[in-house]
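Dropping run_18.pdb in here (PDB, C-alpha atoms and all ligand atoms):
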ATOM      1  CA  MET A   1      81.669-125.517  62.991
ATOM      2  CA  SER A   2      85.203-124.155  63.264
ATOM      3  CA  LEU A   3      86.854-121.681  60.945
ATOM      4  CA  SER A   4      88.922-124.393  59.390
ATOM      5  CA  GLU A   5      85.787-126.368  58.538
ATOM      6  CA  LEU A   6      84.457-123.571  56.367
ATOM      7  CA  SER A   7      84.015-124.644  52.786
ATOM      8  CA  PRO A   8      86.761-123.453  50.455
ATOM      9  CA  THR A   9      84.001-121.741  48.465
ATOM     10  CA  SER A  10      83.681-119.015  51.087
ATOM     11  CA  LEU A  11      87.304-118.044  50.691
ATOM     12  CA  ALA A  12      87.092-118.404  46.920
ATOM     13  CA  ALA A  13      83.950-116.231  46.829
ATOM     14  CA  LEU A  14      85.672-113.780  49.096
ATOM     15  CA  ARG A  15      88.550-113.444  46.630
ATOM     16  CA  GLN A  16      86.255-113.038  43.644
ATOM     17  CA  SER A  17      83.682-110.550  44.765
ATOM     18  CA  PRO A  18      83.855-109.564  48.386
ATOM     19  CA  LEU A  19      82.247-106.191  47.726
ATOM     20  CA  ALA A  20      79.170-107.518  45.968
ATOM     21  CA  GLY A  21      76.166-105.860  47.553
ATOM     22  CA  TYR A  22      77.919-102.824  48.923
ATOM     23  CA  SER A  23      76.587-100.598  46.093
ATOM     24  CA  ALA A  24      76.318 -97.104  47.589
ATOM     25  CA  GLU A  25      78.816 -98.021  50.260
ATOM     26  CA  THR A  26      81.428 -99.102  47.761
ATOM     27  CA  ALA A  27      82.923 -95.675  47.143
ATOM     28  CA  ARG A  28      83.378 -95.153  50.857
ATOM     29  CA  ALA A  29      84.741 -98.644  51.278
ATOM     30  CA  ARG A  30      87.398 -97.801  48.722
ATOM     31  CA  LYS A  31      88.587 -94.751  50.667
ATOM     32  CA  PRO A  32      92.137 -95.336  51.827
ATOM     33  CA  GLY A  33      92.811 -96.061  55.456
ATOM     34  CA  ALA A  34      93.431 -93.340  58.006
ATOM     35  CA  SER A  35      96.865 -92.242  59.160
ATOM     36  CA  LEU A  36      97.489 -92.598  62.878
ATOM     37  CA  GLN A  37     100.147 -90.785  64.832
ATOM     38  CA  LEU A  38     100.837 -90.972  68.552
ATOM     39  CA  SER A  39     103.155 -88.370  70.047
ATOM     40  CA  GLY A  40     104.625 -88.672  73.537
ATOM     41  CA  ILE A  41     101.807 -90.726  75.079
ATOM     42  CA  SER A  42     102.252 -91.350  78.824
ATOM     43  CA  LEU A  43      99.837 -92.917  81.271
ATOM     44  CA  SER A  44     100.254 -94.093  84.861
ATOM     45  CA  PHE A  45      97.918 -96.162  87.007
ATOM     46  CA  GLY A  46      98.820 -95.034  90.525
ATOM     47  CA  GLY A  47     102.500 -95.880  90.797
ATOM     48  CA  VAL A  48     102.560 -98.055  87.651
ATOM     49  CA  LYS A  49     103.858 -96.314  84.545
ATOM     50  CA  ALA A  50     101.928 -98.249  81.918
ATOM     51  CA  LEU A  51     103.054 -96.020  79.028
ATOM     52  CA  SER A  52     106.074 -93.697  78.971
ATOM     53  CA  ASP A  53     106.459 -91.211  76.153
ATOM     54  CA  VAL A  54     105.289 -93.585  73.398
ATOM     55  CA  SER A  55     105.347 -92.239  69.857
ATOM     56  CA  LEU A  56     104.484 -94.154  66.701
ATOM     57  CA  ARG A  57     103.049 -93.707  63.259
ATOM     58  CA  ALA A  58     100.883 -95.952  61.074
ATOM     59  CA  GLU A  59     100.762 -94.925  57.422
ATOM     60  CA  PRO A  60      97.397 -95.039  55.607
ATOM     61  CA  SER A  61      96.430 -98.601  54.622
ATOM     62  CA  SER A  62      99.431-100.148  56.373
ATOM     63  CA  LEU A  63      99.483-102.806  59.051
ATOM     64  CA  LEU A  64     101.402-101.852  62.174
ATOM     65  CA  ALA A  65     101.884-104.497  64.851
ATOM     66  CA  ILE A  66     102.610-103.825  68.501
ATOM     67  CA  ILE A  67     104.467-106.567  70.323
ATOM     68  CA  GLY A  68     106.130-106.929  73.712
ATOM     69  CA  PRO A  69     106.156-109.067  76.838
ATOM     70  CA  ASN A  70     103.164-109.389  79.158
ATOM     71  CA  GLY A  71     102.459-106.126  80.950
ATOM     72  CA  ALA A  72     104.436-104.061  78.385
ATOM     73  CA  GLY A  73     101.486-101.701  77.818
ATOM     74  CA  LYS A  74     100.066-102.986  74.506
ATOM     75  CA  SER A  75      96.399-103.166  75.534
ATOM     76  CA  THR A  76      96.708 -99.905  77.439
ATOM     77  CA  LEU A  77      97.924 -98.252  74.250
ATOM     78  CA  LEU A  78      94.939 -99.600  72.314
ATOM     79  CA  ASN A  79      92.641 -98.401  75.075
ATOM     80  CA  VAL A  80      94.184 -94.937  74.836
ATOM     81  CA  ILE A  81      93.644 -94.811  71.072
ATOM     82  CA  SER A  82      90.051 -95.970  71.436
ATOM     83  CA  GLY A  83      89.248 -93.434  74.153
ATOM     84  CA  ILE A  84      88.805 -95.886  77.041
ATOM     85  CA  TYR A  85      91.781 -94.289  78.842
ATOM     86  CA  ARG A  86      92.798 -90.649  78.685
ATOM     87  CA  PRO A  87      96.595 -90.301  78.631
ATOM     88  CA  ASP A  88      98.307 -88.065  81.198
ATOM     89  CA  ARG A  89     100.400 -86.553  78.420
ATOM     90  CA  GLY A  90     100.687 -86.694  74.665
ATOM     91  CA  GLU A  91      98.569 -86.365  71.589
ATOM     92  CA  ILE A  92      96.773 -88.624  69.129
ATOM     93  CA  GLY A  93      96.609 -87.670  65.470
ATOM     94  CA  LEU A  94      93.998 -89.268  63.242
ATOM     95  CA  ASP A  95      94.456 -87.909  59.722
ATOM     96  CA  GLU A  96      94.395 -84.129  60.205
ATOM     97  CA  HIS A  97      92.656 -84.272  63.612
ATOM     98  CA  ARG A  98      94.625 -83.901  66.845
ATOM     99  CA  PHE A  99      93.281 -84.771  70.292
ATOM    100  CA  ARG A 100      94.316 -86.025  73.732
ATOM    101  CA  SER A 101      91.370 -88.371  73.972
ATOM    102  CA  ILE A 102      88.305 -89.289  71.959
ATOM    103  CA  ARG A 103      84.970 -90.165  73.562
ATOM    104  CA  PRO A 104      84.416 -93.919  72.946
ATOM    105  CA  GLU A 105      80.898 -93.242  71.609
ATOM    106  CA  LYS A 106      82.444 -90.966  68.952
ATOM    107  CA  LEU A 107      84.906 -93.595  67.826
ATOM    108  CA  ALA A 108      82.746 -95.273  65.177
ATOM    109  CA  SER A 109      81.757 -91.947  63.597
ATOM    110  CA  ALA A 110      85.462 -91.069  63.458
ATOM    111  CA  GLY A 111      85.969 -94.201  61.330
ATOM    112  CA  VAL A 112      87.660 -96.314  64.016
ATOM    113  CA  ALA A 113      86.596 -99.836  65.039
ATOM    114  CA  ARG A 114      88.155-102.395  67.353
ATOM    115  CA  THR A 115      87.947-105.926  68.576
ATOM    116  CA  PHE A 116      88.715-106.976  72.135
ATOM    117  CA  GLN A 117      91.142-109.428  73.721
ATOM    118  CA  ASN A 118      88.195-111.367  75.128
ATOM    119  CA  LEU A 119      85.133-111.900  72.994
ATOM    120  CA  ALA A 120      82.736-108.983  73.360
ATOM    121  CA  LEU A 121      79.679-110.272  71.509
ATOM    122  CA  PHE A 122      76.058-110.063  72.680
ATOM    123  CA  SER A 123      75.389-113.651  73.710
ATOM    124  CA  GLY A 124      71.593-113.380  73.390
ATOM    125  CA  LEU A 125      71.747-112.131  69.792
ATOM    126  CA  SER A 126      72.146-113.932  66.490
ATOM    127  CA  VAL A 127      75.167-113.505  64.249
ATOM    128  CA  VAL A 128      73.401-111.010  61.968
ATOM    129  CA  ASP A 129      72.040-108.979  64.901
ATOM    130  CA  ASN A 130      75.488-108.812  66.453
ATOM    131  CA  ILE A 131      76.900-107.550  63.169
ATOM    132  CA  LEU A 132      74.117-104.958  62.858
ATOM    133  CA  GLN A 133      75.313-103.506  66.197
ATOM    134  CA  GLY A 134      78.343-102.269  64.265
ATOM    135  CA  LEU A 135      76.004 -99.911  62.392
ATOM    136  CA  ALA A 136      74.003 -98.709  65.412
ATOM    137  CA  HIS A 137      75.761 -95.324  65.391
ATOM    138  CA  ARG A 138      74.507 -94.711  61.847
ATOM    139  CA  ARG A 139      70.809 -95.072  62.652
ATOM    140  CA  GLU A 140      69.028 -91.816  61.989
ATOM    141  CA  THR A 141      65.438 -92.924  62.499
ATOM    142  CA  SER A 142      63.906 -93.045  65.957
ATOM    143  CA  LEU A 143      62.678 -96.082  67.838
ATOM    144  CA  LEU A 144      59.094 -94.867  67.257
ATOM    145  CA  GLY A 145      59.767 -94.733  63.544
ATOM    146  CA  GLU A 146      60.870 -98.351  63.674
ATOM    147  CA  VAL A 147      57.904 -99.428  65.811
ATOM    148  CA  PHE A 148      55.404 -97.867  63.395
ATOM    149  CA  GLY A 149      57.295 -99.097  60.357
ATOM    150  CA  LEU A 150      57.789 -95.648  58.863
ATOM    151  CA  ARG A 151      59.124 -95.687  55.307
ATOM    152  CA  ARG A 152      62.446 -94.067  56.153
ATOM    153  CA  ALA A 153      62.995 -96.503  59.020
ATOM    154  CA  ARG A 154      62.167 -99.448  56.758
ATOM    155  CA  HIS A 155      64.562 -98.169  54.119
ATOM    156  CA  GLU A 156      67.305 -97.681  56.695
ATOM    157  CA  SER A 157      66.801-101.182  58.114
ATOM    158  CA  ALA A 158      66.859-102.726  54.635
ATOM    159  CA  SER A 159      70.030-100.870  53.716
ATOM    160  CA  GLN A 160      71.782-101.891  56.942
ATOM    161  CA  LEU A 161      70.702-105.494  56.478
ATOM    162  CA  GLN A 162      72.190-105.414  52.992
ATOM    163  CA  GLN A 163      75.497-104.171  54.407
ATOM    164  CA  ALA A 164      75.427-106.873  57.084
ATOM    165  CA  GLN A 165      74.739-109.495  54.432
ATOM    166  CA  ALA A 166      77.625-108.280  52.306
ATOM    167  CA  VAL A 167      80.029-108.433  55.229
ATOM    168  CA  MET A 168      78.716-111.889  56.241
ATOM    169  CA  ASN A 169      79.372-113.007  52.682
ATOM    170  CA  PHE A 170      82.888-111.606  52.895
ATOM    171  CA  PHE A 171      83.519-113.482  56.140
ATOM    172  CA  GLY A 172      81.809-116.716  55.073
ATOM    173  CA  LEU A 173      79.140-116.339  57.744
ATOM    174  CA  ASP A 174      76.002-116.582  55.581
ATOM    175  CA  ALA A 175      75.191-120.106  56.649
ATOM    176  CA  VAL A 176      75.187-119.210  60.350
ATOM    177  CA  ALA A 177      73.506-115.787  60.113
ATOM    178  CA  SER A 178      70.525-116.689  62.279
ATOM    179  CA  ARG A 179      72.409-118.774  64.846
ATOM    180  CA  LEU A 180      73.100-117.481  68.345
ATOM    181  CA  THR A 181      76.779-116.567  68.523
ATOM    182  CA  THR A 182      77.146-118.726  71.642
ATOM    183  CA  SER A 183      76.386-121.819  69.545
ATOM    184  CA  LEU A 184      79.481-121.198  67.376
ATOM    185  CA  SER A 185      83.084-122.271  67.944
ATOM    186  CA  TYR A 186      85.494-119.755  69.426
ATOM    187  CA  GLY A 187      87.166-119.221  66.053
ATOM    188  CA  MET A 188      83.826-118.480  64.375
ATOM    189  CA  GLN A 189      82.840-116.071  67.152
ATOM    190  CA  LYS A 190      86.101-114.216  66.588
ATOM    191  CA  ARG A 191      85.151-113.973  62.938
ATOM    192  CA  VAL A 192      81.741-112.513  63.857
ATOM    193  CA  GLU A 193      83.471-109.945  66.059
ATOM    194  CA  LEU A 194      85.700-108.945  63.168
ATOM    195  CA  ALA A 195      82.684-108.737  60.835
ATOM    196  CA  ARG A 196      80.915-106.438  63.302
ATOM    197  CA  ALA A 197      83.991-104.213  63.468
ATOM    198  CA  LEU A 198      84.216-104.059  59.683
ATOM    199  CA  VAL A 199      80.560-103.598  58.700
ATOM    200  CA  ALA A 200      80.755 -99.797  58.968
ATOM    201  CA  HIS A 201      83.912 -99.722  56.793
ATOM    202  CA  PRO A 202      86.251 -98.274  59.420
ATOM    203  CA  ARG A 203      89.362 -96.517  58.135
ATOM    204  CA  LEU A 204      91.330 -97.647  61.193
ATOM    205  CA  LEU A 205      90.871-101.114  62.664
ATOM    206  CA  LEU A 206      92.322-101.967  66.079
ATOM    207  CA  LEU A 207      92.787-105.699  66.668
ATOM    208  CA  ASP A 208      93.611-106.815  70.209
ATOM    209  CA  GLU A 209      95.080-110.340  70.067
ATOM    210  CA  PRO A 210      92.653-111.636  67.427
ATOM    211  CA  MET A 211      94.401-115.034  67.255
ATOM    212  CA  ALA A 212      94.452-115.800  70.987
ATOM    213  CA  GLY A 213      93.122-119.282  71.708
ATOM    214  CA  MET A 214      92.918-120.298  68.030
ATOM    215  CA  THR A 215      94.125-123.453  66.348
ATOM    216  CA  LEU A 216      96.819-123.191  63.683
ATOM    217  CA  ALA A 217      94.225-123.758  60.929
ATOM    218  CA  ASP A 218      92.013-120.981  62.332
ATOM    219  CA  LYS A 219      95.000-118.649  62.555
ATOM    220  CA  GLN A 220      95.830-119.305  58.908
ATOM    221  CA  GLN A 221      92.252-118.536  57.845
ATOM    222  CA  LEU A 222      92.091-115.390  59.931
ATOM    223  CA  SER A 223      95.474-114.217  58.625
ATOM    224  CA  GLU A 224      94.190-114.685  55.077
ATOM    225  CA  LEU A 225      91.082-112.655  55.939
ATOM    226  CA  ILE A 226      93.170-109.834  57.360
ATOM    227  CA  ARG A 227      95.152-109.772  54.109
ATOM    228  CA  GLU A 228      91.868-109.653  52.160
ATOM    229  CA  ILE A 229      90.568-106.802  54.314
ATOM    230  CA  ARG A 230      93.674-104.797  53.490
ATOM    231  CA  ARG A 231      93.549-105.631  49.794
ATOM    232  CA  HIS A 232      89.885-104.797  49.323
ATOM    233  CA  PHE A 233      89.218-102.066  51.854
ATOM    234  CA  GLY A 234      92.645-100.477  52.307
ATOM    235  CA  THR A 235      91.952-100.300  56.035
ATOM    236  CA  THR A 236      94.809 -99.169  58.259
ATOM    237  CA  ILE A 237      95.267-101.887  60.873
ATOM    238  CA  LEU A 238      96.886-101.780  64.300
ATOM    239  CA  LEU A 239      97.487-105.315  65.493
ATOM    240  CA  ILE A 240      98.420-106.562  68.941
ATOM    241  CA  GLU A 241      99.430-110.196  68.749
ATOM    242  CA  HIS A 242     101.622-112.556  70.742
ATOM    243  CA  ASP A 243     102.108-115.053  67.903
ATOM    244  CA  ILE A 244     105.352-113.803  66.387
ATOM    245  CA  ALA A 245     104.969-115.838  63.192
ATOM    246  CA  VAL A 246     101.583-114.184  62.585
ATOM    247  CA  VAL A 247     102.991-110.737  63.323
ATOM    248  CA  MET A 248     105.986-111.137  61.043
ATOM    249  CA  SER A 249     103.930-112.481  58.153
ATOM    250  CA  LEU A 250     101.223-109.778  58.276
ATOM    251  CA  SER A 251     102.970-106.547  59.283
ATOM    252  CA  ASP A 252     104.518-103.727  57.314
ATOM    253  CA  ARG A 253     106.098-102.342  60.472
ATOM    254  CA  VAL A 254     106.410-103.475  64.053
ATOM    255  CA  VAL A 255     106.655-101.468  67.275
ATOM    256  CA  VAL A 256     108.159-103.184  70.326
ATOM    257  CA  LEU A 257     107.123-102.087  73.804
ATOM    258  CA  GLU A 258     108.894-102.990  77.022
ATOM    259  CA  TYR A 259     107.810-101.625  80.405
ATOM    260  CA  GLY A 260     105.630 -99.060  78.621
ATOM    261  CA  ARG A 261     108.442 -97.733  76.428
ATOM    262  CA  ASN A 262     108.876 -98.022  72.686
ATOM    263  CA  ILE A 263     112.255 -99.794  72.426
ATOM    264  CA  ALA A 264     112.229-100.417  68.657
ATOM    265  CA  THR A 265     110.320 -99.682  65.464
ATOM    266  CA  GLY A 266     111.038-101.247  62.094
ATOM    267  CA  THR A 267     110.156-103.744  59.406
ATOM    268  CA  PRO A 268     109.713-107.377  60.516
ATOM    269  CA  ASP A 269     113.243-108.164  59.299
ATOM    270  CA  GLU A 270     114.769-105.226  61.167
ATOM    271  CA  ILE A 271     112.920-106.217  64.331
ATOM    272  CA  ARG A 272     114.023-109.857  64.072
ATOM    273  CA  GLN A 273     117.662-108.749  63.990
ATOM    274  CA  ASN A 274     117.454-105.993  66.607
ATOM    275  CA  PRO A 275     119.664-107.026  69.596
ATOM    276  CA  ALA A 276     117.601-105.025  72.125
ATOM    277  CA  VAL A 277     114.409-106.736  70.942
ATOM    278  CA  ILE A 278     115.981-110.178  71.012
ATOM    279  CA  ALA A 279     117.191-109.546  74.556
ATOM    280  CA  ALA A 280     113.893-108.099  75.773
ATOM    281  CA  TYR A 281     111.390-110.260  73.988
ATOM    282  CA  LEU A 282     112.101-112.347  70.927
ATOM    283  CA  GLY A 283     114.680-114.504  72.692
ATOM    284  CA  SER A 284     111.987-115.738  75.050
ATOM    285  CA  ALA A 285     108.770-115.177  73.056
ATOM    286  CA  ALA A 286     106.908-118.407  72.499
ATOM    287  CA  GLU A 287     106.560-119.208  68.822
ATOM    288  CA  THR A 288     103.005-120.438  69.092
ATOM    289  CA  THR A 289     102.677-121.210  65.412
ATOM    290  CA  ALA A 290     104.380-124.376  64.197
ATOM    291  CA  PRO A 291     107.816-123.620  62.686
ATOM    292  CA  GLY A 292     107.617-123.196  58.937
ATOM    293  CA  ALA A 293     103.817-122.847  58.918
ATOM    294  CA  ARG A 294     102.493-120.119  56.669
ATOM    295  CA  VAL A 295     100.061-117.846  58.461
TER
HETATM  296  N1  LIG B   1      93.169-100.515  84.734
HETATM  297  C1  LIG B   1      94.383-100.711  85.226
HETATM  298  N2  LIG B   1      94.654-100.396  86.520
HETATM  299  C2  LIG B   1      95.886-100.551  87.032
HETATM  300  N3  LIG B   1      96.933-101.033  86.337
HETATM  301  C3  LIG B   1      96.729-101.379  85.056
HETATM  302  C4  LIG B   1      95.449-101.230  84.435
HETATM  303  N4  LIG B   1      95.556-101.642  83.147
HETATM  304  C5  LIG B   1      96.816-102.049  82.969
HETATM  305  N5  LIG B   1      97.526-101.885  84.117
HETATM  306  C6  LIG B   1      98.950-102.148  84.288
HETATM  307  O1  LIG B   1      99.638-101.471  83.243
HETATM  308  C7  LIG B   1     100.695-102.284  82.729
HETATM  309  C8  LIG B   1     100.472-102.556  81.250
HETATM  310  O2  LIG B   1      99.371-103.467  81.115
HETATM  311  P1  LIG B   1      98.776-103.920  79.703
HETATM  312  O3  LIG B   1      97.578-104.760  79.980
HETATM  313  O4  LIG B   1      98.597-102.744  78.837
HETATM  314  O5  LIG B   1      99.963-104.805  79.143
HETATM  315  P2  LIG B   1      99.956-105.759  77.864
HETATM  316  O6  LIG B   1     101.239-105.504  77.148
HETATM  317  O7  LIG B   1      98.701-105.591  77.093
HETATM  318  O8  LIG B   1      99.995-107.197  78.558
HETATM  319  P3  LIG B   1      99.399-108.612  78.030
HETATM  320  O9  LIG B   1     100.272-109.022  76.890
HETATM  321  O10 LIG B   1      99.560-109.497  79.222
HETATM  322  O11 LIG B   1      97.967-108.394  77.627
HETATM  323  C9  LIG B   1     100.722-103.536  83.590
HETATM  324  O12 LIG B   1     101.657-103.333  84.626
HETATM  325  C10 LIG B   1      99.308-103.621  84.131
HETATM  326  O13 LIG B   1      99.283-104.296  85.364
END
What is this file in structure tokens?
Amino acid sequence: MSLSELSPTSLAALRQSPLAGYSAETARARKPGASLQLSGISLSFGGVKALSDVSLRAEPSSLLAIIGPNGAGKSTLLNVISGIYRPDRGEIGLDEHRFRSIRPEKLASAGVARTFQNLALFSGLSVVDNILQGLAHRRETSLLGEVFGLRRARHESASQLQQAQAVMNFFGLDAVASRLTTSLSYGMQKRVELARALVAHPRLLLLDEPMAGMTLADKQQLSELIREIRRHFGTTILLIEHDIAVVMSLSDRVVVLEYGRNIATGTPDEIRQNPAVIAAYLGSAAETTAPGARV
């Protein structure tokens, strides 16, 4: 099954009651997104300056896109925010917290989730089990508790399963819950990855080229889902994406990187008309979405 083959009822259900089943989680889900601020971030790999003095700000519940040619430093920036790389200089601000680097294992508890450029799902696990991995950091009961079926462990498992079911409902994944992710189309696996990132209600979601390798129909569905995520959860989203039509239709603001430097920041319209951006990127950027298509 591909994303575009999903019945229209999933999207209709998603619009009507995507939060059904969240109960105790609902209040937290309604919390506005986090604010993110990067100040003077620099990082070199040997002689390669991947990031040079990059500063940017994403307002709570906004969608900020990062674009730029290959090798501009986009993924490196995401890896800095998610603690995979420690910058040589600069500071990250997440709401009122300031730090140079966050330990990746602390990321989820800080309310940050991400997806990867290449699929990063557990191939031996079903859809629902993959999604439950997004809640692993919340587990308070021990493995022994689970083995012996202690009441608290049972309650915790039931509550996490309910959250996974709610997010599967939101993403139209109910019908494939027990399937191995490897048996699904690429577009559907991307959807599972997004569901896993969202199940813990992150306040900042980092999306690294979520549309790469997708058909136009899949891109349209995923774009609609990203809009729904913003509408219903208020999640702040940082998006790296090469498809300019997708970027321009989804973003509140866009940051353009070239050779690790921030060469422009503005609304999609401002970026479209910026001569430096046209010269560095937009003039040559492939418009992978068909002209005139709504994404
Ligand atoms: N782990 C690494 N070791 C050495 N150099 C690296 C490493 N990661 C990235 N680089 C270099 O840093 C620069 C920025 O790379 P990065 O992957 O962040 O660019 P990008 O904008 O995400 O590119 P693309 O659009 O192709 O994914 C490139 O010159 C790249 O070769």
**Message:** Residues within 12 Å of Leu206 in chain A, please, as a PyMOL selection string. Count all atoms listed in the file; anything in the same chain fewer than 5 positions from it doesn't count.
**Reply:** chain A and resi 34+36+58+63-66+74-75+77-82+107-108+111-117+193-194+197-198+226+235-241
**Message:** Let me see if you get this right: every residue at most 9 Å from ligand LIG 1 (chain B), counting only C-alpha atoms and all ligand atoms, written as a ChimeraX atom specification.
**Reply:** /A:43-51,66-79,85,117,208-209,240-242,257-260
Restricting it to C-alpha atoms, dump the selection as a CSV table (one decimal), in the frame of the given file.
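Okay, selection_34.csv is ready:
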chain,number,residue,atom,x,y,z
A,43,LEU,CA,99.8,-92.9,81.3
A,44,SER,CA,100.3,-94.1,84.9
A,45,PHE,CA,97.9,-96.2,87.0
A,46,GLY,CA,98.8,-95.0,90.5
A,47,GLY,CA,102.5,-95.9,90.8
A,48,VAL,CA,102.6,-98.1,87.7
A,49,LYS,CA,103.9,-96.3,84.5
A,50,ALA,CA,101.9,-98.2,81.9
A,51,LEU,CA,103.1,-96.0,79.0
A,66,ILE,CA,102.6,-103.8,68.5
A,67,ILE,CA,104.5,-106.6,70.3
A,68,GLY,CA,106.1,-106.9,73.7
A,69,PRO,CA,106.2,-109.1,76.8
A,70,ASN,CA,103.2,-109.4,79.2
A,71,GLY,CA,102.5,-106.1,81.0
A,72,ALA,CA,104.4,-104.1,78.4
A,73,GLY,CA,101.5,-101.7,77.8
A,74,LYS,CA,100.1,-103.0,74.5
A,75,SER,CA,96.4,-103.2,75.5
A,76,THR,CA,96.7,-99.9,77.4
A,77,LEU,CA,97.9,-98.3,74.2
A,78,LEU,CA,94.9,-99.6,72.3
A,79,ASN,CA,92.6,-98.4,75.1
A,85,TYR,CA,91.8,-94.3,78.8
A,117,GLN,CA,91.1,-109.4,73.7
A,208,ASP,CA,93.6,-106.8,70.2
A,209,GLU,CA,95.1,-110.3,70.1
A,240,ILE,CA,98.4,-106.6,68.9
A,241,GLU,CA,99.4,-110.2,68.7
A,242,HIS,CA,101.6,-112.6,70.7
A,257,LEU,CA,107.1,-102.1,73.8
A,258,GLU,CA,108.9,-103.0,77.0
A,259,TYR,CA,107.8,-101.6,80.4
A,260,GLY,CA,105.6,-99.1,78.6
**Message:** Taking only C-alpha atoms into account, name the residue in A:Ile92, A:Pro210, A:His201, A:Ser39 that is nearest to His232 in chain A.
**Reply:**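 Residue with the minimum atom-to-atom distance to His232 in chain A: A:His201.
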**Request:** Determine the nearest neighbour of Met188 in chain A from the options A:Ser157, A:Gln133, A:Gln163, A:Gln221, counting only C-alpha atoms.
**Result:**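 Checking each candidate against Met188 in chain A, we get A:Gln221 as the closest.
Here the question is which of A:Arg227, A:Arg196, A:Arg253, A:Lys219 gets nearest to Glu270 in chain A using only C-alpha atoms, and that residue is A:Arg253.
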**Request:** Calculate how many Å separate CA of Met211 in chain A from CA of Glu105 in chain A, rounding to one decimal.
**Result:**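 Separating CA of Met211 in chain A from CA of Glu105 in chain A is a distance of 26.0 Å.
Among the candidate residues A:Ile41, A:Ala110, A:Ala279, A:Ala175, the one lying nearest to Leu205 in chain A is A:Ala110, with distances computed using all atoms listed in the file.
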To test the calculation: enclose all listed atoms of range 32-35 of chain A in a box whose edges run along x, y and z, add 6 Å on each side, then state centre and edge lengths in Å to one decimal, as lines of an AutoDock Vina configuration file.
center_x = 94.5
center_y = -94.2
center_z = 55.5
size_x = 16.7
size_y = 15.8
size_z = 19.3
**Message:** With distances taken over only C-alpha atoms, which residue among A:Tyr281, A:Asn262, A:Gly124, A:Pro104 lies nearest Ser42 in chain A?
**Reply:**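 Closest candidate: A:Asn262.
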**Between CA of Asn130 in chain A and CA of Leu250 in chain A, distance in Å (one decimal)** = 27.0 Å
Complete range 90-103 of chain A with N, CA and C atoms (output as a short mmCIF file (atom, residue, chain, number, x, y, z; two decimals), in the frame of the given file).
data_model
loop_
_atom_site.label_atom_id
_atom_site.label_comp_id
_atom_site.auth_asym_id
_atom_site.auth_seq_id
_atom_site.Cartn_x
_atom_site.Cartn_y
_atom_site.Cartn_z
N GLY A 90 100.57 -86.24 76.04
CA GLY A 90 100.69 -86.69 74.67
C GLY A 90 99.47 -86.39 73.83
N GLU A 91 99.60 -86.74 72.56
CA GLU A 91 98.57 -86.36 71.59
C GLU A 91 98.37 -87.50 70.59
N ILE A 92 97.10 -87.64 70.16
CA ILE A 92 96.77 -88.62 69.13
C ILE A 92 96.41 -87.86 67.86
N GLY A 93 96.97 -88.28 66.75
CA GLY A 93 96.61 -87.67 65.47
C GLY A 93 95.93 -88.71 64.59
N LEU A 94 94.73 -88.38 64.14
CA LEU A 94 94.00 -89.27 63.24
C LEU A 94 93.74 -88.44 61.99
N ASP A 95 94.42 -88.78 60.89
CA ASP A 95 94.46 -87.91 59.72
C ASP A 95 94.83 -86.50 60.17
N GLU A 96 94.00 -85.50 59.85
CA GLU A 96 94.40 -84.13 60.20
C GLU A 96 93.92 -83.73 61.60
N HIS A 97 93.19 -84.62 62.30
CA HIS A 97 92.66 -84.27 63.61
C HIS A 97 93.67 -84.57 64.71
N ARG A 98 93.72 -83.70 65.70
CA ARG A 98 94.62 -83.90 66.84
C ARG A 98 93.80 -83.85 68.12
N PHE A 99 94.02 -84.80 69.03
CA PHE A 99 93.28 -84.77 70.29
C PHE A 99 94.04 -85.55 71.36
N ARG A 100 93.72 -85.28 72.62
CA ARG A 100 94.32 -86.02 73.73
C ARG A 100 93.54 -87.32 73.91
N SER A 101 92.22 -87.21 73.74
CA SER A 101 91.37 -88.37 73.97
C SER A 101 90.08 -88.21 73.17
N ILE A 102 89.56 -89.34 72.71
CA ILE A 102 88.30 -89.29 71.96
C ILE A 102 87.24 -89.99 72.80
N ARG A 103 86.00 -89.48 72.78
CA ARG A 103 84.97 -90.16 73.56
C ARG A 103 84.64 -91.49 72.85
#
